[in-house]
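Structure file input.cif; described as mmCIF, C-alpha atoms.
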data_entry
#
loop_
_atom_site.label_atom_id
_atom_site.label_comp_id
_atom_site.auth_asym_id
_atom_site.auth_seq_id
_atom_site.Cartn_x
_atom_site.Cartn_y
_atom_site.Cartn_z
CA MET A 1 101.85 94.51 136.65
CA GLU A 2 101.60 91.32 134.58
CA GLU A 3 97.80 91.46 134.67
CA LYS A 4 97.84 95.00 133.36
CA VAL A 5 100.10 94.00 130.51
CA SER A 6 97.86 91.05 129.68
CA GLY A 7 94.79 93.26 129.74
CA LEU A 8 96.49 95.76 127.47
CA GLY A 9 97.42 92.95 125.08
CA GLN A 10 93.80 91.77 124.98
CA ASP A 11 92.62 95.31 124.21
CA LYS A 12 95.08 95.58 121.33
CA TYR A 13 93.96 92.21 120.00
CA MET A 14 90.28 93.22 120.03
CA GLN A 15 91.10 96.56 118.41
CA GLY A 16 92.99 94.68 115.73
CA VAL A 17 89.96 92.46 115.07
CA VAL A 18 87.59 95.44 114.80
CA MET A 19 89.93 97.30 112.46
CA ILE A 20 90.51 94.36 110.15
CA VAL A 21 86.75 93.71 109.80
CA LEU A 22 86.25 97.42 109.06
CA SER A 23 88.96 97.24 106.42
CA ALA A 24 87.26 94.20 104.86
CA PHE A 25 84.01 96.16 104.51
CA CYS A 26 85.79 99.14 102.99
CA PHE A 27 87.64 96.99 100.46
CA ALA A 28 84.40 95.22 99.48
CA CYS A 29 82.84 98.64 98.81
CA MET A 30 85.95 99.64 96.87
CA ASN A 31 85.56 96.64 94.56
CA VAL A 32 81.93 97.56 93.92
CA MET A 33 82.91 101.13 93.03
CA VAL A 34 85.62 99.80 90.70
CA ARG A 35 83.02 97.70 88.89
CA LEU A 36 80.58 100.63 88.70
CA ALA A 37 83.30 102.78 87.12
CA GLY A 38 82.78 100.76 83.95
CA ASP A 39 85.05 99.97 81.02
CA ILE A 40 88.29 101.68 82.07
CA PRO A 41 91.71 99.97 82.14
CA SER A 42 92.51 98.42 85.51
CA ILE A 43 95.82 100.30 85.74
CA GLN A 44 94.02 103.63 85.33
CA LYS A 45 91.56 102.64 88.05
CA SER A 46 94.39 101.75 90.40
CA PHE A 47 96.02 105.15 89.77
CA PHE A 48 92.99 107.09 90.97
CA ARG A 49 92.47 104.71 93.87
CA ASN A 50 96.00 105.29 95.12
CA LEU A 51 95.96 109.01 94.35
CA VAL A 52 93.06 109.55 96.77
CA ALA A 53 94.68 107.34 99.42
CA ALA A 54 97.96 109.27 99.09
CA GLY A 55 96.05 112.52 99.51
CA PHE A 56 94.40 111.30 102.70
CA ALA A 57 97.65 110.00 104.16
CA GLY A 58 99.53 113.14 103.16
CA GLY A 59 96.89 115.30 104.84
CA ILE A 60 97.21 113.37 108.10
CA ILE A 61 101.00 113.56 107.98
CA TRP A 62 100.88 117.32 107.38
CA ARG A 63 98.27 117.96 110.10
CA LYS A 64 100.10 115.89 112.72
CA HIS A 65 103.58 117.04 111.61
CA VAL A 66 104.78 113.44 111.20
CA PRO A 67 108.34 113.35 109.80
CA LEU A 68 108.61 111.69 106.39
CA GLN A 69 112.06 110.29 106.99
CA VAL A 70 112.15 106.52 107.53
CA LYS A 71 114.99 104.92 109.44
CA LYS A 72 117.48 103.07 107.29
CA GLU A 73 116.78 99.56 108.60
CA ALA A 74 113.08 99.90 107.67
CA ARG A 75 113.53 101.09 104.09
CA LEU A 76 113.86 97.67 102.47
CA SER A 77 110.70 96.42 104.18
CA LEU A 78 108.85 99.58 103.14
CA ALA A 79 110.02 99.13 99.56
CA ALA A 80 108.82 95.51 99.59
CA ARG A 81 105.45 96.63 100.97
CA CYS A 82 105.13 99.18 98.14
CA VAL A 83 106.14 96.84 95.31
CA PHE A 84 104.13 93.79 96.37
CA GLY A 85 101.18 95.94 97.44
CA THR A 86 101.09 97.50 93.97
CA ILE A 87 101.18 94.06 92.36
CA GLY A 88 98.32 92.99 94.61
CA ILE A 89 96.17 95.99 93.66
CA LEU A 90 96.75 95.67 89.92
CA CYS A 91 95.93 91.97 89.98
CA ASN A 92 92.86 92.50 92.15
CA PHE A 93 91.46 95.25 89.93
CA TYR A 94 91.99 93.09 86.86
CA ALA A 95 90.12 90.25 88.57
CA VAL A 96 87.27 92.59 89.60
CA ASP A 97 86.89 93.66 85.96
CA HIS A 98 86.79 90.09 84.61
CA LEU A 99 85.17 87.99 87.36
CA LEU A 100 82.18 88.22 89.67
CA VAL A 101 82.75 90.75 92.45
CA ALA A 102 82.46 88.04 95.10
CA ASP A 103 84.88 85.71 93.28
CA ALA A 104 87.43 88.49 92.81
CA SER A 105 87.17 89.44 96.48
CA ILE A 106 87.56 85.82 97.55
CA LEU A 107 90.70 85.35 95.47
CA ASN A 108 92.19 88.49 96.97
CA LYS A 109 91.25 87.23 100.43
CA LEU A 110 93.71 84.41 100.00
CA SER A 111 96.10 87.11 101.24
CA PRO A 112 95.63 86.26 104.96
CA PHE A 113 96.59 82.66 104.20
CA PHE A 114 99.74 83.82 102.44
CA ALA A 115 100.36 86.44 105.15
CA ILE A 116 100.57 83.73 107.79
CA ILE A 117 102.95 81.68 105.64
CA PHE A 118 105.22 84.64 104.93
CA SER A 119 105.04 85.77 108.57
CA TYR A 120 106.56 82.43 109.49
CA PHE A 121 109.40 82.69 106.96
CA LEU A 122 110.06 86.44 107.16
CA LEU A 123 109.15 87.35 110.74
CA ARG A 124 109.67 83.97 112.41
CA GLU A 125 106.21 84.13 114.00
CA ARG A 126 105.25 80.70 115.29
CA ILE A 127 102.09 79.05 113.94
CA THR A 128 100.30 76.59 116.22
CA PHE A 129 98.69 73.46 114.84
CA PHE A 130 95.22 74.69 115.88
CA GLN A 131 95.70 78.01 114.11
CA ALA A 132 96.92 76.23 111.00
CA VAL A 133 93.80 74.03 110.98
CA CYS A 134 91.51 77.08 111.29
CA VAL A 135 93.25 78.94 108.50
CA GLY A 136 93.23 75.82 106.35
CA THR A 137 89.49 75.45 106.94
CA ALA A 138 88.89 79.03 105.90
CA PHE A 139 91.04 78.50 102.82
CA ALA A 140 89.03 75.39 101.95
CA GLY A 141 85.91 77.51 102.27
CA CYS A 142 87.34 79.92 99.73
CA LEU A 143 87.90 77.04 97.32
CA PHE A 144 84.28 75.94 97.70
CA VAL A 145 83.15 79.41 96.70
CA VAL A 146 85.62 79.90 93.87
CA LYS A 147 85.20 76.47 92.25
CA PRO A 148 81.71 77.11 90.78
CA GLY A 149 82.87 80.47 89.43
CA PHE A 150 85.74 78.91 87.51
CA GLN A 151 83.29 76.93 85.37
CA ASN A 152 82.15 80.11 83.60
CA THR A 153 85.24 82.30 83.66
CA ALA A 154 88.63 82.29 82.02
CA LEU A 155 91.49 80.69 83.90
CA ILE A 156 93.89 83.59 83.34
CA PRO A 157 91.84 86.22 85.26
CA ALA A 158 91.42 83.73 88.10
CA MET A 159 95.15 83.03 88.28
CA ILE A 160 95.88 86.76 88.18
CA GLY A 161 93.47 87.11 91.12
CA VAL A 162 95.45 84.47 93.03
CA CYS A 163 98.66 86.37 92.27
CA GLY A 164 96.96 89.41 93.77
CA GLY A 165 96.39 87.44 96.94
CA VAL A 166 100.07 86.46 97.07
CA GLY A 167 101.17 90.06 96.57
CA ALA A 168 98.81 91.34 99.24
CA GLY A 169 99.93 88.60 101.64
CA ILE A 170 103.57 89.63 101.36
CA ALA A 171 102.62 93.31 101.60
CA TYR A 172 100.66 92.81 104.83
CA THR A 173 103.51 90.81 106.30
CA MET A 174 105.73 93.81 105.66
CA VAL A 175 103.13 96.07 107.30
CA ARG A 176 103.37 93.94 110.42
CA LYS A 177 107.16 94.13 110.35
CA LEU A 178 107.14 97.89 109.85
CA GLY A 179 104.69 98.29 112.71
CA SER A 180 106.98 96.31 115.00
CA MET A 181 109.78 98.69 113.98
CA GLY A 182 107.78 101.72 115.08
CA ILE A 183 106.83 103.03 111.61
CA LYS A 184 103.54 104.94 111.82
CA GLY A 185 100.50 103.86 109.79
CA PRO A 186 100.10 107.14 107.84
CA ILE A 187 103.73 106.93 106.72
CA ILE A 188 103.25 103.36 105.44
CA VAL A 189 100.04 104.25 103.61
CA PHE A 190 101.50 107.46 102.15
CA TYR A 191 104.65 105.89 100.71
CA PHE A 192 102.74 102.87 99.43
CA SER A 193 100.01 104.93 97.73
CA LEU A 194 102.42 107.48 96.28
CA SER A 195 104.82 104.85 94.94
CA SER A 196 101.91 102.90 93.43
CA CYS A 197 100.86 106.04 91.54
CA LEU A 198 104.39 106.73 90.34
CA ILE A 199 104.88 103.16 89.15
CA VAL A 200 101.93 103.39 86.73
CA VAL A 201 102.51 107.01 85.60
CA PRO A 202 104.33 105.98 82.37
CA TRP A 203 101.36 103.82 81.37
CA ILE A 204 98.89 106.61 82.24
CA VAL A 205 100.81 109.12 80.10
CA PHE A 206 100.68 107.00 76.95
CA HIS A 207 97.43 105.06 77.40
CA PHE A 208 95.05 107.34 79.31
CA VAL A 209 91.37 106.70 78.53
CA SER A 210 88.93 109.62 78.77
CA MET A 211 86.24 109.27 81.45
CA SER A 212 82.78 110.68 82.13
CA LEU A 213 82.03 112.58 85.35
CA ARG A 214 80.07 109.57 86.56
CA GLN A 215 83.05 107.26 86.06
CA LEU A 216 85.38 109.73 87.76
CA PHE A 217 82.98 109.98 90.71
CA PHE A 218 82.97 106.20 91.22
CA LEU A 219 86.76 106.02 90.95
CA LEU A 220 87.20 108.79 93.51
CA LEU A 221 84.70 107.03 95.77
CA ALA A 222 86.70 103.82 95.31
CA GLY A 223 89.74 105.77 96.44
CA VAL A 224 87.91 106.97 99.56
CA PHE A 225 86.92 103.42 100.52
CA ALA A 226 90.42 102.20 99.68
CA ALA A 227 91.93 104.84 101.95
CA GLY A 228 89.62 103.81 104.77
CA GLY A 229 90.42 100.14 104.24
CA GLN A 230 94.14 100.79 103.96
CA PHE A 231 94.31 102.80 107.17
CA ALA A 232 92.18 100.26 109.00
CA ILE A 233 94.22 97.24 107.94
CA THR A 234 97.51 99.03 108.59
CA VAL A 235 96.37 99.83 112.13
CA ALA A 236 95.09 96.26 112.55
CA TYR A 237 98.44 94.65 111.71
CA THR A 238 100.29 97.06 113.98
CA TYR A 239 98.02 96.02 116.86
CA ALA A 240 98.38 92.26 116.44
CA SER A 241 100.27 89.65 114.43
CA ALA A 242 98.95 88.15 111.21
CA ARG A 243 98.50 84.68 112.71
CA LYS A 244 96.12 86.08 115.34
CA ILE A 245 93.82 88.35 113.35
CA SER A 246 94.24 87.69 109.61
CA ILE A 247 91.47 85.07 109.73
CA TYR A 248 88.94 87.88 110.22
CA ASP A 249 89.91 89.41 106.90
CA TYR A 250 87.80 86.67 105.31
CA SER A 251 84.72 88.65 106.37
CA GLN A 252 85.15 90.55 103.11
CA ILE A 253 83.68 87.51 101.38
CA ILE A 254 80.39 88.07 103.19
CA PHE A 255 80.37 91.80 102.48
CA ALA A 256 81.24 91.25 98.82
CA THR A 257 78.50 88.68 98.37
CA VAL A 258 75.82 90.90 99.91
CA LEU A 259 76.92 93.94 97.93
CA GLY A 260 77.21 91.89 94.74
CA TYR A 261 73.60 90.74 95.16
CA VAL A 262 72.25 94.19 96.02
CA MET A 263 74.14 96.08 93.30
CA PHE A 264 74.44 93.54 90.48
CA GLY A 265 71.94 90.78 91.27
CA GLU A 266 74.68 88.16 91.72
CA VAL A 267 73.24 85.16 93.58
CA PRO A 268 75.64 82.60 95.13
CA ASP A 269 74.90 78.89 94.68
CA GLY A 270 74.97 76.04 97.17
CA TYR A 271 78.72 75.51 96.96
CA SER A 272 79.27 79.14 97.87
CA PHE A 273 77.11 78.88 100.97
CA VAL A 274 79.10 75.82 102.07
CA GLY A 275 82.23 77.93 101.70
CA TYR A 276 80.74 80.80 103.69
CA THR A 277 79.80 78.40 106.49
CA LEU A 278 83.33 77.03 106.68
CA ILE A 279 84.85 80.51 106.72
CA VAL A 280 82.55 81.91 109.39
CA ALA A 281 82.96 78.77 111.51
CA ALA A 282 86.76 78.96 111.27
CA SER A 283 86.69 82.64 112.24
CA LEU A 284 84.43 81.98 115.23
CA VAL A 285 86.48 79.03 116.47
CA MET A 286 89.69 81.04 116.12
CA PHE A 287 88.15 83.89 118.09
CA LEU A 288 87.02 81.59 120.91
CA TYR A 289 90.40 79.83 120.94
CA ASN A 290 92.32 83.10 121.27
CA CYS A 291 89.99 84.39 124.00
CA ARG A 292 90.34 81.14 125.95
CA ALA A 293 94.13 81.10 125.56
CA LYS A 294 94.34 84.69 126.73
CA LYS A 295 92.13 83.96 129.74
CA ALA A 296 94.26 80.95 130.69
CA GLY A 297 97.39 83.08 130.37
CA ASN A 298 95.92 85.73 132.66
CA GLU A 299 95.03 83.08 135.25
CA ARG A 300 98.56 81.68 135.20
CA SER A 301 99.95 85.19 135.61
CA GLY A 302 97.72 85.65 138.65
CA GLU A 303 99.00 82.42 140.18
CA ASN A 304 102.61 83.55 139.64
CA ILE A 305 101.90 86.72 141.56
#
Output the file's structure as structure tokens, nothing else.
Amino acid sequence: MEEKVSGLGQDKYMQGVVMIVLSAFCFACMNVMVRLAGDIPSIQKSFFRNLVAAGFAGGIIWRKHVPLQVKKEARLSLAARCVFGTIGILCNFYAVDHLLVADASILNKLSPFFAIIFSYFLLRERITFFQAVCVGTAFAGCLFVVKPGFQNTALIPAMIGVCGGVGAGIAYTMVRKLGSMGIKGPIIVFYFSLSSCLIVVPWIVFHFVSMSLRQLFFLLLAGVFAAGGQFAITVAYTYASARKISIYDYSQIIFATVLGYVMFGEVPDGYSFVGYTLIVAASLVMFLYNCRAKKAGNERSGENI
């Protein structure tokens, strides 16, 4: 019986890894679509992004007859996920509009680092020294990539991007907590997306900027990628804890850099490649460490039997 449980745990871990990498790709594509939408206020862009995601989530809830009611003990965590997630999106979109796509994505990908920190304080999830070193290495890699970009960009957009990472980190910690409480992914995505739309409605009413069909198309496409990324990352954090899989969220840096080069001709410099090497190495070492630890645990379980 113990071996079956261990095998099931390994399957959930691998599913979590796959889903979080998929979400990273979707969010990188979302940032590209946001940039292609052109000169539109970031708040307006976030409204359409969340409107599409709410539509997708609502459709799934309606088709599967998932009840909308959330148990009382989960409501505060859901509210925190909505508020901090909205802050993260608004800050990220502002950064995408004012920084290189890769730099904006990197700043937002500080969220796994903050997710692990907040998981310790809010969820009491233990962090091993080895895991802390790997996450720290990945974070150092981010700094290598961001540092050259700061030489030619304003400090305020960069700091807003960091705030987006903090907001996203807290939001994903709440996703993990909600998942452990049995709250379904579509419910989390629906309430988050809908509340994010409602929060910015007053601004939209008084400051709406007219758009071309081309701009609307890119914003709707951004919403599609955002929905895919949101569902994927929600599923990922319900499969495994932040300290085990959040390191793989850094793969968005690679996707963003490739897309930035293909779409906008943005070419990273030497410092950036050093950062990428550190991030990929940290991810690989973390993966091997977790696989080895799981294998050792299975062997000990076999001996106990």
How close does segment 160-262 of chain A get to segment 98-112 of chain A? List, as JSON lines, each residue of segment 160-262 of chain A within 10 Å, its nearest atom pair and the distance in Å to one decimal, counting all atoms listed in the file.
{"residue": "A:Ile160", "atom": "CA", "partner": "A:Leu107", "partner_atom": "CA", "distance": 9.1}
{"residue": "A:Gly161", "atom": "CA", "partner": "A:Leu107", "partner_atom": "CA", "distance": 5.4}
{"residue": "A:Val162", "atom": "CA", "partner": "A:Leu107", "partner_atom": "CA", "distance": 5.4}
{"residue": "A:Cys163", "atom": "CA", "partner": "A:Asn108", "partner_atom": "CA", "distance": 8.3}
{"residue": "A:Gly164", "atom": "CA", "partner": "A:Asn108", "partner_atom": "CA", "distance": 5.8}
{"residue": "A:Gly165", "atom": "CA", "partner": "A:Ser111", "partner_atom": "CA", "distance": 4.3}
{"residue": "A:Val166", "atom": "CA", "partner": "A:Ser111", "partner_atom": "CA", "distance": 5.8}
{"residue": "A:Gly167", "atom": "CA", "partner": "A:Ser111", "partner_atom": "CA", "distance": 7.5}
{"residue": "A:Ala168", "atom": "CA", "partner": "A:Ser111", "partner_atom": "CA", "distance": 5.4}
{"residue": "A:Gly169", "atom": "CA", "partner": "A:Ser111", "partner_atom": "CA", "distance": 4.1}
{"residue": "A:Ile170", "atom": "CA", "partner": "A:Ser111", "partner_atom": "CA", "distance": 7.9}
{"residue": "A:Ala171", "atom": "CA", "partner": "A:Ser111", "partner_atom": "CA", "distance": 9.0}
{"residue": "A:Tyr172", "atom": "CA", "partner": "A:Ser111", "partner_atom": "CA", "distance": 8.1}
{"residue": "A:Thr173", "atom": "CA", "partner": "A:Pro112", "partner_atom": "CA", "distance": 9.2}
{"residue": "A:Ala242", "atom": "CA", "partner": "A:Pro112", "partner_atom": "CA", "distance": 7.3}
{"residue": "A:Arg243", "atom": "CA", "partner": "A:Pro112", "partner_atom": "CA", "distance": 8.4}
{"residue": "A:Ile245", "atom": "CA", "partner": "A:Pro112", "partner_atom": "CA", "distance": 8.8}
{"residue": "A:Ser246", "atom": "CA", "partner": "A:Pro112", "partner_atom": "CA", "distance": 5.1}
{"residue": "A:Ile247", "atom": "CA", "partner": "A:Pro112", "partner_atom": "CA", "distance": 6.4}
{"residue": "A:Tyr248", "atom": "CA", "partner": "A:Pro112", "partner_atom": "CA", "distance": 8.7}
{"residue": "A:Asp249", "atom": "CA", "partner": "A:Pro112", "partner_atom": "CA", "distance": 6.8}
{"residue": "A:Tyr250", "atom": "CA", "partner": "A:Lys109", "partner_atom": "CA", "distance": 6.0}
{"residue": "A:Ser251", "atom": "CA", "partner": "A:Lys109", "partner_atom": "CA", "distance": 8.9}
{"residue": "A:Gln252", "atom": "CA", "partner": "A:Ser105", "partner_atom": "CA", "distance": 7.0}
{"residue": "A:Ile253", "atom": "CA", "partner": "A:Ile106", "partner_atom": "CA", "distance": 5.7}
{"residue": "A:Ile254", "atom": "CA", "partner": "A:Ala102", "partner_atom": "CA", "distance": 8.4}
{"residue": "A:Phe255", "atom": "CA", "partner": "A:Ala102", "partner_atom": "CA", "distance": 8.5}
{"residue": "A:Ala256", "atom": "CA", "partner": "A:Ala102", "partner_atom": "CA", "distance": 5.1}
{"residue": "A:Thr257", "atom": "CA", "partner": "A:Ala102", "partner_atom": "CA", "distance": 5.2}
{"residue": "A:Val258", "atom": "CA", "partner": "A:Ala102", "partner_atom": "CA", "distance": 8.7}
{"residue": "A:Leu259", "atom": "CA", "partner": "A:Ala102", "partner_atom": "CA", "distance": 8.6}
{"residue": "A:Gly260", "atom": "CA", "partner": "A:Val101", "partner_atom": "CA", "distance": 6.1}
{"residue": "A:Tyr261", "atom": "CA", "partner": "A:Ala102", "partner_atom": "CA", "distance": 9.3}
Query - the PyMOL selection byres ((chain A and resi 209-224) around 10) applied to the shown file, residues as a ChimeraX atom specification - result: /A:26-41,44-56,204-208,225-230
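Taking atom CA of Arg176 of chain A and atom CA of Leu68 of chain A as the two end points, the separation is 18.9 Å.
The shortest atom-to-atom distance to Pro157 of chain A, with only C-alpha atoms taken into account, belongs to A:Leu90 out of A:Leu194, A:Ala138, A:Leu90, A:Leu143.
Between atom CA of Gln131 of chain A and atom CA of Thr277 of chain A the separation is 17.6 Å.
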Can you pull out every residue within 12 Å of Val274 of chain A, counting all atoms listed in the file, but drop anything in the same chain fewer than 2 positions away, and send it as an mmCIF file with C-alpha atoms, in the frame of the given file?
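Written out: selection.cif:
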data_model
loop_
_atom_site.group_PDB
_atom_site.id
_atom_site.type_symbol
_atom_site.label_atom_id
_atom_site.label_comp_id
_atom_site.auth_asym_id
_atom_site.auth_seq_id
_atom_site.Cartn_x
_atom_site.Cartn_y
_atom_site.Cartn_z
ATOM 1 C CA THR A 137 89.490 75.450 106.940
ATOM 2 C CA ALA A 138 88.890 79.030 105.900
ATOM 3 C CA ALA A 140 89.030 75.390 101.950
ATOM 4 C CA GLY A 141 85.910 77.510 102.270
ATOM 5 C CA CYS A 142 87.340 79.920 99.730
ATOM 6 C CA LEU A 143 87.900 77.040 97.320
ATOM 7 C CA PHE A 144 84.280 75.940 97.700
ATOM 8 C CA VAL A 145 83.150 79.410 96.700
ATOM 9 C CA VAL A 146 85.620 79.900 93.870
ATOM 10 C CA LYS A 147 85.200 76.470 92.250
ATOM 11 C CA PRO A 148 81.710 77.110 90.780
ATOM 12 C CA PRO A 268 75.640 82.600 95.130
ATOM 13 C CA ASP A 269 74.900 78.890 94.680
ATOM 14 C CA GLY A 270 74.970 76.040 97.170
ATOM 15 C CA TYR A 271 78.720 75.510 96.960
ATOM 16 C CA SER A 272 79.270 79.140 97.870
ATOM 17 C CA TYR A 276 80.740 80.800 103.690
ATOM 18 C CA THR A 277 79.800 78.400 106.490
ATOM 19 C CA LEU A 278 83.330 77.030 106.680
ATOM 20 C CA ILE A 279 84.850 80.510 106.720
ATOM 21 C CA VAL A 280 82.550 81.910 109.390
ATOM 22 C CA ALA A 281 82.960 78.770 111.510
#
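In this model, the gap between atom CA of Phe192 of chain A and atom CA of Val21 of chain A comes to 21.1 Å.
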Centre and edge lengths, as JSON, for the axis-aligned box enclosing every listed atom of segment 37-55 of chain A with 3 Å of padding on each of the six sides, in Å to one decimal?
{"center_x": 90.4, "center_y": 105.5, "center_z": 90.3, "size_x": 21.2, "size_y": 20.1, "size_z": 24.5}
Query - Minimum-distance residue to Val70 of chain A, chosen among A:Phe273, A:Phe231, A:Phe190, A:Phe93 (using all atoms listed in the file) - result: A:Phe190
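Residue nearest Lys184 of chain A within the list A:Phe139, A:Tyr120, A:Phe130, A:Tyr239: A:Tyr239 [criterion: smallest interatomic distance, all atoms listed in the file].
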Radius query 8 Å about (90.2, 90.8, 115.2), atoms used: only C-alpha atoms, as a CSV table (one decimal) with C-alpha atoms, keeping the file's coordinate frame:
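The result, written out as point-v4.csv:
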chain,number,residue,atom,x,y,z
A,13,TYR,CA,94.0,92.2,120.0
A,14,MET,CA,90.3,93.2,120.0
A,15,GLN,CA,91.1,96.6,118.4
A,16,GLY,CA,93.0,94.7,115.7
A,17,VAL,CA,90.0,92.5,115.1
A,18,VAL,CA,87.6,95.4,114.8
A,19,MET,CA,89.9,97.3,112.5
A,20,ILE,CA,90.5,94.4,110.2
A,21,VAL,CA,86.8,93.7,109.8
A,236,ALA,CA,95.1,96.3,112.6
A,244,LYS,CA,96.1,86.1,115.3
A,245,ILE,CA,93.8,88.4,113.4
A,246,SER,CA,94.2,87.7,109.6
A,248,TYR,CA,88.9,87.9,110.2
A,287,PHE,CA,88.2,83.9,118.1
Please complete segment 242-256 of chain A so it has N, CA, C and O atoms, and hand it over as a PDB file, in the coordinates of the input.
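In the end it all went to out09.pdb:
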ATOM      1  N   ALA A 242      99.790  88.713 112.268  1.00  0.00           N
ATOM      2  CA  ALA A 242      98.950  88.150 111.210  1.00  0.00           C
ATOM      3  C   ALA A 242      98.301  86.837 111.631  1.00  0.00           C
ATOM      4  O   ALA A 242      97.135  86.577 111.325  1.00  0.00           O
ATOM      5  N   ARG A 243      99.039  85.994 112.346  1.00  0.00           N
ATOM      6  CA  ARG A 243      98.500  84.680 112.710  1.00  0.00           C
ATOM      7  C   ARG A 243      97.341  84.780 113.692  1.00  0.00           C
ATOM      8  O   ARG A 243      96.588  83.819 113.852  1.00  0.00           O
ATOM      9  N   LYS A 244      97.189  85.925 114.363  1.00  0.00           N
ATOM     10  CA  LYS A 244      96.120  86.080 115.340  1.00  0.00           C
ATOM     11  C   LYS A 244      94.851  86.705 114.762  1.00  0.00           C
ATOM     12  O   LYS A 244      93.748  86.388 115.194  1.00  0.00           O
ATOM     13  N   ILE A 245      94.993  87.609 113.800  1.00  0.00           N
ATOM     14  CA  ILE A 245      93.820  88.350 113.350  1.00  0.00           C
ATOM     15  C   ILE A 245      93.518  88.224 111.855  1.00  0.00           C
ATOM     16  O   ILE A 245      92.432  88.605 111.418  1.00  0.00           O
ATOM     17  N   SER A 246      94.458  87.700 111.061  1.00  0.00           N
ATOM     18  CA  SER A 246      94.240  87.690 109.610  1.00  0.00           C
ATOM     19  C   SER A 246      93.032  86.851 109.208  1.00  0.00           C
ATOM     20  O   SER A 246      92.443  87.078 108.157  1.00  0.00           O
ATOM     21  N   ILE A 247      92.639  85.895 110.049  1.00  0.00           N
ATOM     22  CA  ILE A 247      91.470  85.070 109.730  1.00  0.00           C
ATOM     23  C   ILE A 247      90.218  85.908 109.556  1.00  0.00           C
ATOM     24  O   ILE A 247      89.329  85.602 108.759  1.00  0.00           O
ATOM     25  N   TYR A 248      90.128  87.034 110.272  1.00  0.00           N
ATOM     26  CA  TYR A 248      88.940  87.880 110.220  1.00  0.00           C
ATOM     27  C   TYR A 248      88.855  88.670 108.919  1.00  0.00           C
ATOM     28  O   TYR A 248      87.805  89.230 108.604  1.00  0.00           O
ATOM     29  N   ASP A 249      89.936  88.717 108.180  1.00  0.00           N
ATOM     30  CA  ASP A 249      89.910  89.410 106.900  1.00  0.00           C
ATOM     31  C   ASP A 249      89.005  88.689 105.904  1.00  0.00           C
ATOM     32  O   ASP A 249      88.580  89.271 104.906  1.00  0.00           O
ATOM     33  N   TYR A 250      88.700  87.424 106.174  1.00  0.00           N
ATOM     34  CA  TYR A 250      87.800  86.670 105.310  1.00  0.00           C
ATOM     35  C   TYR A 250      86.369  87.201 105.368  1.00  0.00           C
ATOM     36  O   TYR A 250      85.529  86.808 104.560  1.00  0.00           O
ATOM     37  N   SER A 251      86.069  88.071 106.305  1.00  0.00           N
ATOM     38  CA  SER A 251      84.720  88.650 106.370  1.00  0.00           C
ATOM     39  C   SER A 251      84.401  89.446 105.112  1.00  0.00           C
ATOM     40  O   SER A 251      83.225  89.698 104.821  1.00  0.00           O
ATOM     41  N   GLN A 252      85.422  89.834 104.349  1.00  0.00           N
ATOM     42  CA  GLN A 252      85.150  90.550 103.110  1.00  0.00           C
ATOM     43  C   GLN A 252      84.340  89.700 102.144  1.00  0.00           C
ATOM     44  O   GLN A 252      83.594  90.230 101.316  1.00  0.00           O
ATOM     45  N   ILE A 253      84.452  88.395 102.240  1.00  0.00           N
ATOM     46  CA  ILE A 253      83.680  87.510 101.380  1.00  0.00           C
ATOM     47  C   ILE A 253      82.190  87.734 101.597  1.00  0.00           C
ATOM     48  O   ILE A 253      81.400  87.813 100.650  1.00  0.00           O
ATOM     49  N   ILE A 254      81.802  87.848 102.864  1.00  0.00           N
ATOM     50  CA  ILE A 254      80.390  88.070 103.190  1.00  0.00           C
ATOM     51  C   ILE A 254      79.945  89.431 102.671  1.00  0.00           C
ATOM     52  O   ILE A 254      78.890  89.551 102.029  1.00  0.00           O
ATOM     53  N   PHE A 255      80.732  90.455 102.942  1.00  0.00           N
ATOM     54  CA  PHE A 255      80.370  91.800 102.480  1.00  0.00           C
ATOM     55  C   PHE A 255      80.272  91.850 100.965  1.00  0.00           C
ATOM     56  O   PHE A 255      79.342  92.449 100.410  1.00  0.00           O
ATOM     57  N   ALA A 256      81.230  91.221 100.286  1.00  0.00           N
ATOM     58  CA  ALA A 256      81.240  91.250  98.820  1.00  0.00           C
ATOM     59  C   ALA A 256      80.033  90.530  98.237  1.00  0.00           C
ATOM     60  O   ALA A 256      79.457  90.970  97.239  1.00  0.00           O
TER      61      ALA A 256
END
